[in-house]
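Encoded as structure tokens, the structure appears first; notes follow it.
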Amino acid sequence: MTKKSSLVALGLAAALALTGCAGGNNAGGGDAKGSALTIAKPDGAIATESNNPWVGDSSGLKLGYINAILEPLGLINLIAPDEPAQPWLAKEIVWADDYKSVTFTAREDVKWNDGTDFSADDIAYTFGMFKDQPELDTAAIGVTDVQQDGDKVTVSFANSNFVKQDKVLHKHIVPKHIWEKVDNPAEFENINPVGTGPYTLSKFDTQSVELKARDDYWGGKPAVPTLYYVSYNDNTALTTALANGDADWAQAFIPNVKKAFLDKDPEHNVNWAAAGLGIDAMFVNTTKAPFDNRAFREAMNLVIDRDKHREIAREGAIPSISSITGLPTPAGDPFISPEYEGKEFKVDLDAAKKTLTEAGYTWSGETLNDPAGEAVTFDITVPQGWNDYVTGISLIADAAKTLGVDATVTTPDSDTWWEKKSTGDFQAILHWTDTGSTPFNIYGDIMDGARLKALGESADFNFGRYDNPAVTTALAEYANATEDAARTEALAKVQTIFVEDVPAMAIGTRPYIGSYNTRSYVGWPNEKDAYAPADPTQPNAVLILTKLKAAE
């Protein structure tokens with residue numbers, strides 16, 4: 001129900017045992033050994049080089065290669081967030097009971113790729129930058145103080161970071177001896193990045209980015225000697241590259257994945273979409289008809305077919321969402337309140353009609369009328385070109401028809417849609433929630449009053465303007481509790497309101513998607529060994545790169 005607060009402190013030997021990193025795996029003969037890996041995304045040309053680890057549109061972050069160069073202090077398995085964090089650059093991580101501070105012990109025998117020793121000074125300097133320059137703190141962890149004592153660094157925060165543990169631990173640590181000379185870190189392009197990671201940047205151009213393995217990496221020399229990061233024009237081009245072997249590892253939704261990719265080499269091609277704590281949801285405007293009426297929201301929730309959405313809109317390529325709490329499984333299983341364990345979504349038209357009838361709705365022939373006698377209609381929108389989302393809202397519109405509701409599908413351009421979404425100028429949209437190490441993002445993004453904006457003002461979430469002080473209080477209690485019992489109680493309140501008041505409708509999981517082949521390397525994460533999401537753009541990518549071994 002709540003995330004366990006204990007963290008396992010591992011020494012260097014234990015870390016190497018966990019990562020399976022033995023060094024020198026790429027030496028010797030054989031076709032697989034010494035092969036490069038091409039890592040791909042469908043984002044178009046790489047226009048400008050920037051390796052700033054905090055600027056969201058930097059090439060290093062967008063393509064993900066910064067995760068092979070710079071490293072975090074610890075890793076949280078975002079598809080199994082109830083597991084203890086794995087220390088990385090910190091050999092020990094100790095949170096205060098109230099999660100308003102955390103103490104890191106720096107790992108020894110780590111060198112930056114320019115030969116300089118890594119130390120606690122670098123940890124203190126990095127978090128000191130977040131304190132002194134909040135614009136770098138894009139996850140809003142709110143650093144208030146940084147104290148160093150030998151190899152230990154204690155970072156304090158304005159508020160509890162229980163729900164942002166992954167955001168704290170996954171911060172890239174940068175070298176003090178480089179960054180202290182930078183006048184404006186937010187604008188620093190970091191063209192020659194100095195990192196502690198297993199790879200160094202060796203070449204950048206608009207076609208691809210090349211990284212080379214380090215011989216002196218603290219975790220042992222990686223098995224893969226060379227990484228190429230390539231950005232294809234679109235999903236079609238990327239899928240072709242994966243199918244013919246030009247790309248080896250990618251993060252992208254592949255339409256018709258079985259025929260387009262898996263069947264091309266069933267022995268080696270893998271597509272794994274592992275659920276984390278993020279979902280796709282139908283956000284509805286709770287200030288406008290028809291979704292200002294809870295009975296109608298309940299009825300729509302009862303006729304949406306999540307299995308059909310998974311099979312048709314997402315082509316069976318993602319896990320289904322089944323719990324009425326909206327939490328994906330198995331990642332969300334430890335957080336589901338006892339009263340909702342085993343309770344799953346199911347299409348129930350009779351129950352939906354009964355709910356509407358009891359609330360004063362009537363039918364004129366096949367048309368549903370609201371209690372005032374007006375025909376019920378609504379528009380549901382997503383941007384044109386978002387094919388899986390367009391199919392998804394079409395399925396929702398079909399479900400509405402079973403109630404006698406005319407739901408119109410509209411697909412404006414993305415800029416128009418984005419503006420209307422933010423200002424609340426819509427009736428229903430399909431949108432995602434953020435993800436993290438707890439369910440806070442799912443519930444907070446949908447119904448946290450702390451994010452409530454008036455209609456016409458730009459909101460970053462709670463697009464439906466859901467206003468319920470009880471859930472806002474419960475979310476704050478969950479985030480700031482100092483004991484698991486209090487967290488459990490607060491989360492139970494949040495889930496009850498989500499289930500009973502239906503501020504939005506959970507439609508499907510928003511998994512971490514990874515496609516790869518095992519022709520040259522083994523040791524990838526998969527359903528049987530789910531040690532990390534297979535998405536190459538996530539911080540956990542460094543763990544995958546250190547676990548890969550040459551195929552026999």
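Each chain in the structure tokens gets a letter, A, B and so on, in the order shown; residues start at 1 in every chain, and ligands are counted from 1 in the order they appear.
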Need to verify the contact set: segment 337-340 of chain A, 9 Å, only C-alpha atoms, exclusion of same-chain residues closer than 2 positions in sequence. Can you return it as an mmCIF file with C-alpha atoms, in the first residue's frame?
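The resulting file, selection-v2.cif, is shown below:
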data_model
loop_
_atom_site.group_PDB
_atom_site.id
_atom_site.type_symbol
_atom_site.label_atom_id
_atom_site.label_comp_id
_atom_site.auth_asym_id
_atom_site.auth_seq_id
_atom_site.Cartn_x
_atom_site.Cartn_y
_atom_site.Cartn_z
ATOM 1 C CA MET A 1 0.000 0.000 0.000
ATOM 2 C CA SER A 323 -7.752 -2.293 -11.087
ATOM 3 C CA ILE A 324 -10.607 0.128 -10.455
ATOM 4 C CA THR A 325 -8.097 2.225 -8.503
ATOM 5 C CA PRO A 334 1.734 -2.864 -3.344
ATOM 6 C CA PHE A 335 -0.220 0.401 -3.214
ATOM 7 C CA GLY A 342 -9.157 -7.879 -6.801
ATOM 8 C CA LYS A 343 -11.800 -5.360 -7.901
ATOM 9 C CA GLU A 344 -11.433 -4.837 -11.632
ATOM 10 C CA THR A 488 -1.502 3.943 4.058
ATOM 11 C CA GLU A 489 -4.420 5.766 5.616
ATOM 12 C CA LEU A 491 -3.619 6.816 0.230
ATOM 13 C CA ALA A 492 -6.771 4.863 1.068
ATOM 14 C CA GLN A 495 -8.234 5.956 -3.761
ATOM 15 C CA THR A 496 -11.772 6.036 -2.354
#
Find the spatial neighbours of Ser101 of chain A, counting only C-alpha atoms, within a cut-off of 10 Å - ignore same-chain residues fewer than 6 positions away - and output them as a JSON list (two decimals) with N, CA and C atoms, in the first residue's frame.
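Result file follows (result_34.json):
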[["chain", "number", "residue", "atom", "x", "y", "z"],
["A", 94, "VAL", "N", 20.65, 7.13, 3.09],
["A", 94, "VAL", "CA", 19.84, 7.07, 4.30],
["A", 94, "VAL", "C", 18.89, 8.26, 4.35],
["A", 95, "TRP", "N", 17.61, 7.98, 4.26],
["A", 95, "TRP", "CA", 16.60, 9.03, 4.35],
["A", 95, "TRP", "C", 16.19, 9.26, 5.80],
["A", 143, "VAL", "N", 15.65, 21.99, -2.66],
["A", 143, "VAL", "CA", 16.80, 21.92, -1.76],
["A", 143, "VAL", "C", 16.92, 23.20, -0.94],
["A", 144, "THR", "N", 17.07, 23.04, 0.37],
["A", 144, "THR", "CA", 17.23, 24.20, 1.26],
["A", 144, "THR", "C", 18.61, 24.28, 1.90],
["A", 145, "ASP", "N", 19.31, 23.14, 1.99],
["A", 145, "ASP", "CA", 20.61, 23.15, 2.66],
["A", 145, "ASP", "C", 21.41, 21.93, 2.22],
["A", 146, "VAL", "N", 22.72, 22.11, 2.15],
["A", 146, "VAL", "CA", 23.64, 21.02, 1.80],
["A", 146, "VAL", "C", 24.81, 21.07, 2.78],
["A", 154, "THR", "N", 24.74, 15.56, 3.39],
["A", 154, "THR", "CA", 23.34, 15.59, 3.79],
["A", 154, "THR", "C", 22.64, 16.73, 3.07],
["A", 155, "VAL", "N", 21.58, 16.36, 2.34],
["A", 155, "VAL", "CA", 20.80, 17.33, 1.58],
["A", 155, "VAL", "C", 19.44, 17.48, 2.26],
["A", 156, "SER", "N", 19.05, 18.71, 2.55],
["A", 156, "SER", "CA", 17.77, 18.99, 3.20],
["A", 156, "SER", "C", 16.82, 19.67, 2.21],
["A", 157, "PHE", "N", 15.52, 19.46, 2.43],
["A", 157, "PHE", "CA", 14.50, 19.95, 1.51],
["A", 157, "PHE", "C", 13.45, 20.74, 2.27],
["A", 158, "ALA", "N", 12.75, 21.61, 1.55],
["A", 158, "ALA", "CA", 11.69, 22.41, 2.16],
["A", 158, "ALA", "C", 10.51, 21.54, 2.57],
["A", 159, "ASN", "N", 10.27, 20.49, 1.82],
["A", 159, "ASN", "CA", 9.14, 19.60, 2.09],
["A", 159, "ASN", "C", 9.59, 18.15, 1.99],
["A", 160, "SER", "N", 8.73, 17.25, 2.42],
["A", 160, "SER", "CA", 9.02, 15.83, 2.28],
["A", 160, "SER", "C", 9.20, 15.47, 0.80],
["A", 161, "ASN", "N", 10.19, 14.64, 0.52],
["A", 161, "ASN", "CA", 10.38, 14.15, -0.84],
["A", 161, "ASN", "C", 10.08, 12.66, -0.93],
["A", 162, "PHE", "N", 9.20, 12.18, -0.06],
["A", 162, "PHE", "CA", 8.81, 10.78, -0.11],
["A", 162, "PHE", "C", 8.28, 10.40, -1.48]]
Would you list, as a PyMOL selection string, the residues of segment 396-531 of chain A that end up in strand (DSSP E) under DSSP run on this structure's backbone?
-> chain A and resi 406-410+428-432+504-509+512-517+521-522
Let's have the selection written as an mmCIF file, in the first residue's frame, with N, CA and C atoms.
data_model
loop_
_atom_site.group_PDB
_atom_site.id
_atom_site.type_symbol
_atom_site.label_atom_id
_atom_site.label_comp_id
_atom_site.auth_asym_id
_atom_site.auth_seq_id
_atom_site.Cartn_x
_atom_site.Cartn_y
_atom_site.Cartn_z
ATOM 1 N N ASP A 406 -24.166 11.204 -28.056
ATOM 2 C CA ASP A 406 -23.425 11.536 -29.266
ATOM 3 C C ASP A 406 -22.112 12.199 -28.853
ATOM 4 N N ALA A 407 -21.015 11.448 -28.960
ATOM 5 C CA ALA A 407 -19.685 11.973 -28.633
ATOM 6 C C ALA A 407 -18.940 12.231 -29.936
ATOM 7 N N THR A 408 -18.551 13.470 -30.145
ATOM 8 C CA THR A 408 -17.891 13.870 -31.385
ATOM 9 C C THR A 408 -16.382 13.842 -31.216
ATOM 10 N N VAL A 409 -15.711 13.129 -32.093
ATOM 11 C CA VAL A 409 -14.250 13.056 -32.088
ATOM 12 C C VAL A 409 -13.698 14.215 -32.896
ATOM 13 N N THR A 410 -12.819 15.015 -32.290
ATOM 14 C CA THR A 410 -12.175 16.114 -33.002
ATOM 15 C C THR A 410 -10.667 16.007 -32.853
ATOM 16 N N ALA A 428 -13.659 16.717 -22.998
ATOM 17 C CA ALA A 428 -12.926 15.490 -22.671
ATOM 18 C C ALA A 428 -11.708 15.382 -23.570
ATOM 19 N N ILE A 429 -10.603 14.914 -23.005
ATOM 20 C CA ILE A 429 -9.377 14.660 -23.759
ATOM 21 C C ILE A 429 -8.766 13.355 -23.262
ATOM 22 N N LEU A 430 -7.946 12.759 -24.101
ATOM 23 C CA LEU A 430 -7.124 11.629 -23.670
ATOM 24 C C LEU A 430 -5.726 12.165 -23.430
ATOM 25 N N HIS A 431 -5.184 11.906 -22.247
ATOM 26 C CA HIS A 431 -3.894 12.475 -21.847
ATOM 27 C C HIS A 431 -3.218 11.500 -20.890
ATOM 28 N N TRP A 432 -1.965 11.709 -20.650
ATOM 29 C CA TRP A 432 -1.178 10.850 -19.773
ATOM 30 C C TRP A 432 -0.986 11.507 -18.409
ATOM 31 N N ALA A 504 -11.670 11.410 -13.259
ATOM 32 C CA ALA A 504 -11.171 11.087 -14.602
ATOM 33 C C ALA A 504 -11.313 9.580 -14.760
ATOM 34 N N MET A 505 -11.153 9.095 -15.982
ATOM 35 C CA MET A 505 -11.299 7.663 -16.231
ATOM 36 C C MET A 505 -9.964 7.083 -16.686
ATOM 37 N N ALA A 506 -9.432 6.148 -15.913
ATOM 38 C CA ALA A 506 -8.214 5.452 -16.329
ATOM 39 C C ALA A 506 -8.526 4.617 -17.569
ATOM 40 N N ILE A 507 -7.733 4.777 -18.617
ATOM 41 C CA ILE A 507 -8.000 4.094 -19.885
ATOM 42 C C ILE A 507 -6.984 2.991 -20.164
ATOM 43 N N GLY A 508 -5.714 3.273 -19.929
ATOM 44 C CA GLY A 508 -4.692 2.271 -20.214
ATOM 45 C C GLY A 508 -3.398 2.592 -19.510
ATOM 46 N N THR A 509 -2.521 1.636 -19.480
ATOM 47 C CA THR A 509 -1.203 1.865 -18.888
ATOM 48 C C THR A 509 -0.363 2.743 -19.806
ATOM 49 N N TYR A 512 6.815 1.774 -19.899
ATOM 50 C CA TYR A 512 8.150 2.046 -20.420
ATOM 51 C C TYR A 512 8.389 1.053 -21.557
ATOM 52 N N ILE A 513 8.472 1.549 -22.790
ATOM 53 C CA ILE A 513 8.576 0.675 -23.953
ATOM 54 C C ILE A 513 10.025 0.556 -24.380
ATOM 55 N N GLY A 514 10.460 -0.671 -24.589
ATOM 56 C CA GLY A 514 11.800 -0.912 -25.114
ATOM 57 C C GLY A 514 11.770 -2.032 -26.139
ATOM 58 N N SER A 515 12.415 -1.815 -27.274
ATOM 59 C CA SER A 515 12.553 -2.850 -28.307
ATOM 60 C C SER A 515 14.039 -3.092 -28.521
ATOM 61 N N TYR A 516 14.424 -4.361 -28.566
ATOM 62 C CA TYR A 516 15.840 -4.683 -28.729
ATOM 63 C C TYR A 516 15.981 -6.058 -29.349
ATOM 64 N N ASN A 517 17.217 -6.399 -29.717
ATOM 65 C CA ASN A 517 17.497 -7.765 -30.185
ATOM 66 C C ASN A 517 18.625 -8.360 -29.357
ATOM 67 N N TYR A 521 24.143 -9.322 -27.941
ATOM 68 C CA TYR A 521 24.300 -9.180 -26.495
ATOM 69 C C TYR A 521 23.091 -9.756 -25.761
ATOM 70 N N VAL A 522 23.365 -10.333 -24.597
ATOM 71 C CA VAL A 522 22.323 -10.850 -23.710
ATOM 72 C C VAL A 522 22.448 -10.135 -22.369
#
Between atom CA of Ala532 of chain A and atom CA of Phe461 of chain A, what is the distance, to one decimal in Å?
-> 27.3 Å
Using backbone DSSP assignments, extract all helix (DSSP H, G or I) residues from segment 278-356 of chain A; output them as a ChimeraX atom specification.
-> /A:294-303,306-313,333-335,338-340,349-356
Spatial neighbours of Glu366 of chain A, 12 Å, only C-alpha atoms, chain gap at least 2 places, as a list in words = Thr362, Trp363, Ser364, Leu368, Asn369, Ala375, Val376, Ala400, Lys401, Thr402, Leu403, Gly404, Val405 and Asp406 of chain A
Written file, previous selection with N, CA, C and O atoms, as a PDB file, in the first residue's frame:
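This went into part-v6.pdb:
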ATOM      1  N   THR A 362     -33.089  10.465 -18.441  1.00  0.00           N
ATOM      2  CA  THR A 362     -34.129   9.738 -19.164  1.00  0.00           C
ATOM      3  C   THR A 362     -33.688   9.533 -20.617  1.00  0.00           C
ATOM      4  O   THR A 362     -32.684  10.102 -21.059  1.00  0.00           O
ATOM      5  N   TRP A 363     -34.453   8.733 -21.330  1.00  0.00           N
ATOM      6  CA  TRP A 363     -34.149   8.483 -22.739  1.00  0.00           C
ATOM      7  C   TRP A 363     -35.340   8.886 -23.611  1.00  0.00           C
ATOM      8  O   TRP A 363     -36.504   8.596 -23.261  1.00  0.00           O
ATOM      9  N   SER A 364     -35.060   9.541 -24.716  1.00  0.00           N
ATOM     10  CA  SER A 364     -36.044   9.791 -25.767  1.00  0.00           C
ATOM     11  C   SER A 364     -35.653   8.912 -26.942  1.00  0.00           C
ATOM     12  O   SER A 364     -34.714   9.244 -27.689  1.00  0.00           O
ATOM     13  N   LEU A 368     -29.985   9.876 -24.832  1.00  0.00           N
ATOM     14  CA  LEU A 368     -29.962  10.147 -23.400  1.00  0.00           C
ATOM     15  C   LEU A 368     -30.194  11.626 -23.141  1.00  0.00           C
ATOM     16  O   LEU A 368     -29.547  12.485 -23.759  1.00  0.00           O
ATOM     17  N   ASN A 369     -31.111  11.914 -22.231  1.00  0.00           N
ATOM     18  CA  ASN A 369     -31.371  13.292 -21.804  1.00  0.00           C
ATOM     19  C   ASN A 369     -30.941  13.476 -20.357  1.00  0.00           C
ATOM     20  O   ASN A 369     -31.141  12.587 -19.521  1.00  0.00           O
ATOM     21  N   ALA A 375     -30.552  16.830 -24.436  1.00  0.00           N
ATOM     22  CA  ALA A 375     -29.792  15.704 -24.969  1.00  0.00           C
ATOM     23  C   ALA A 375     -28.332  15.813 -24.527  1.00  0.00           C
ATOM     24  O   ALA A 375     -27.735  16.901 -24.561  1.00  0.00           O
ATOM     25  N   VAL A 376     -27.755  14.702 -24.104  1.00  0.00           N
ATOM     26  CA  VAL A 376     -26.377  14.688 -23.628  1.00  0.00           C
ATOM     27  C   VAL A 376     -25.436  14.469 -24.812  1.00  0.00           C
ATOM     28  O   VAL A 376     -25.566  13.499 -25.564  1.00  0.00           O
ATOM     29  N   ALA A 400     -19.774   5.632 -25.627  1.00  0.00           N
ATOM     30  CA  ALA A 400     -20.795   6.617 -25.262  1.00  0.00           C
ATOM     31  C   ALA A 400     -22.103   6.369 -26.006  1.00  0.00           C
ATOM     32  O   ALA A 400     -23.194   6.593 -25.461  1.00  0.00           O
ATOM     33  N   LYS A 401     -21.988   5.900 -27.235  1.00  0.00           N
ATOM     34  CA  LYS A 401     -23.202   5.635 -28.028  1.00  0.00           C
ATOM     35  C   LYS A 401     -24.079   4.575 -27.371  1.00  0.00           C
ATOM     36  O   LYS A 401     -25.302   4.602 -27.516  1.00  0.00           O
ATOM     37  N   THR A 402     -23.475   3.641 -26.644  1.00  0.00           N
ATOM     38  CA  THR A 402     -24.280   2.605 -25.986  1.00  0.00           C
ATOM     39  C   THR A 402     -25.160   3.194 -24.901  1.00  0.00           C
ATOM     40  O   THR A 402     -26.143   2.561 -24.494  1.00  0.00           O
ATOM     41  N   LEU A 403     -24.835   4.394 -24.441  1.00  0.00           N
ATOM     42  CA  LEU A 403     -25.665   5.101 -23.464  1.00  0.00           C
ATOM     43  C   LEU A 403     -26.654   6.044 -24.137  1.00  0.00           C
ATOM     44  O   LEU A 403     -27.470   6.680 -23.454  1.00  0.00           O
ATOM     45  N   GLY A 404     -26.563   6.172 -25.453  1.00  0.00           N
ATOM     46  CA  GLY A 404     -27.407   7.119 -26.160  1.00  0.00           C
ATOM     47  C   GLY A 404     -26.809   8.504 -26.224  1.00  0.00           C
ATOM     48  O   GLY A 404     -27.525   9.503 -26.355  1.00  0.00           O
ATOM     49  N   VAL A 405     -25.482   8.579 -26.153  1.00  0.00           N
ATOM     50  CA  VAL A 405     -24.777   9.863 -26.145  1.00  0.00           C
ATOM     51  C   VAL A 405     -24.009  10.036 -27.449  1.00  0.00           C
ATOM     52  O   VAL A 405     -23.281   9.135 -27.884  1.00  0.00           O
ATOM     53  N   ASP A 406     -24.166  11.204 -28.056  1.00  0.00           N
ATOM     54  CA  ASP A 406     -23.425  11.536 -29.266  1.00  0.00           C
ATOM     55  C   ASP A 406     -22.112  12.199 -28.853  1.00  0.00           C
ATOM     56  O   ASP A 406     -22.089  13.355 -28.418  1.00  0.00           O
TER      57      ASP A 406
END
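Residue nearest Glu189 of chain A within the list A:Asp151, A:Glu49, A:Asp350, A:Asp246: A:Glu49 [criterion: smallest interatomic distance, only C-alpha atoms].
Those residues that approach Ile446 of chain A to within 10 Å, counting only C-alpha atoms, are Ala281, Met282, Phe283, Val284, Trp432, Thr433, Phe440, Asn441, Ile442, Tyr443, Gly449, Arg451, Leu452, Phe461, Asn462, Phe463, Gly464, Arg465, Tyr466, Phe498, Pro503, Ala504 and Met505 of chain A; same-chain residues fewer than 3 positions away are not listed.
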Residues near Met129 of chain A, cut-off 10 Å, only C-alpha atoms, skip fewer than 4 positions along chain, as a PDB file with C-alpha atoms, in the first residue's frame:
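Generated output (part_1.pdb):
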ATOM      1  CA  ALA A 124      27.623  18.620  -2.467  1.00  0.00           C
ATOM      2  CA  TYR A 125      28.374  20.936  -5.367  1.00  0.00           C
ATOM      3  CA  GLN A 133      19.822  28.153  -8.922  1.00  0.00           C
ATOM      4  CA  PRO A 134      16.281  26.747  -8.657  1.00  0.00           C
ATOM      5  CA  GLU A 135      15.828  26.950 -12.438  1.00  0.00           C
ATOM      6  CA  LEU A 136      18.021  23.853 -12.621  1.00  0.00           C
ATOM      7  CA  ASP A 137      15.719  21.994 -10.239  1.00  0.00           C
ATOM      8  CA  VAL A 143      16.799  21.916  -1.760  1.00  0.00           C
ATOM      9  CA  VAL A 146      23.643  21.021   1.804  1.00  0.00           C
ATOM     10  CA  TRP A 179      31.009  23.226 -13.507  1.00  0.00           C
ATOM     11  CA  GLU A 180      32.297  25.666 -10.883  1.00  0.00           C
ATOM     12  CA  PRO A 185      24.816  26.379 -15.802  1.00  0.00           C
TER      13      PRO A 185
END
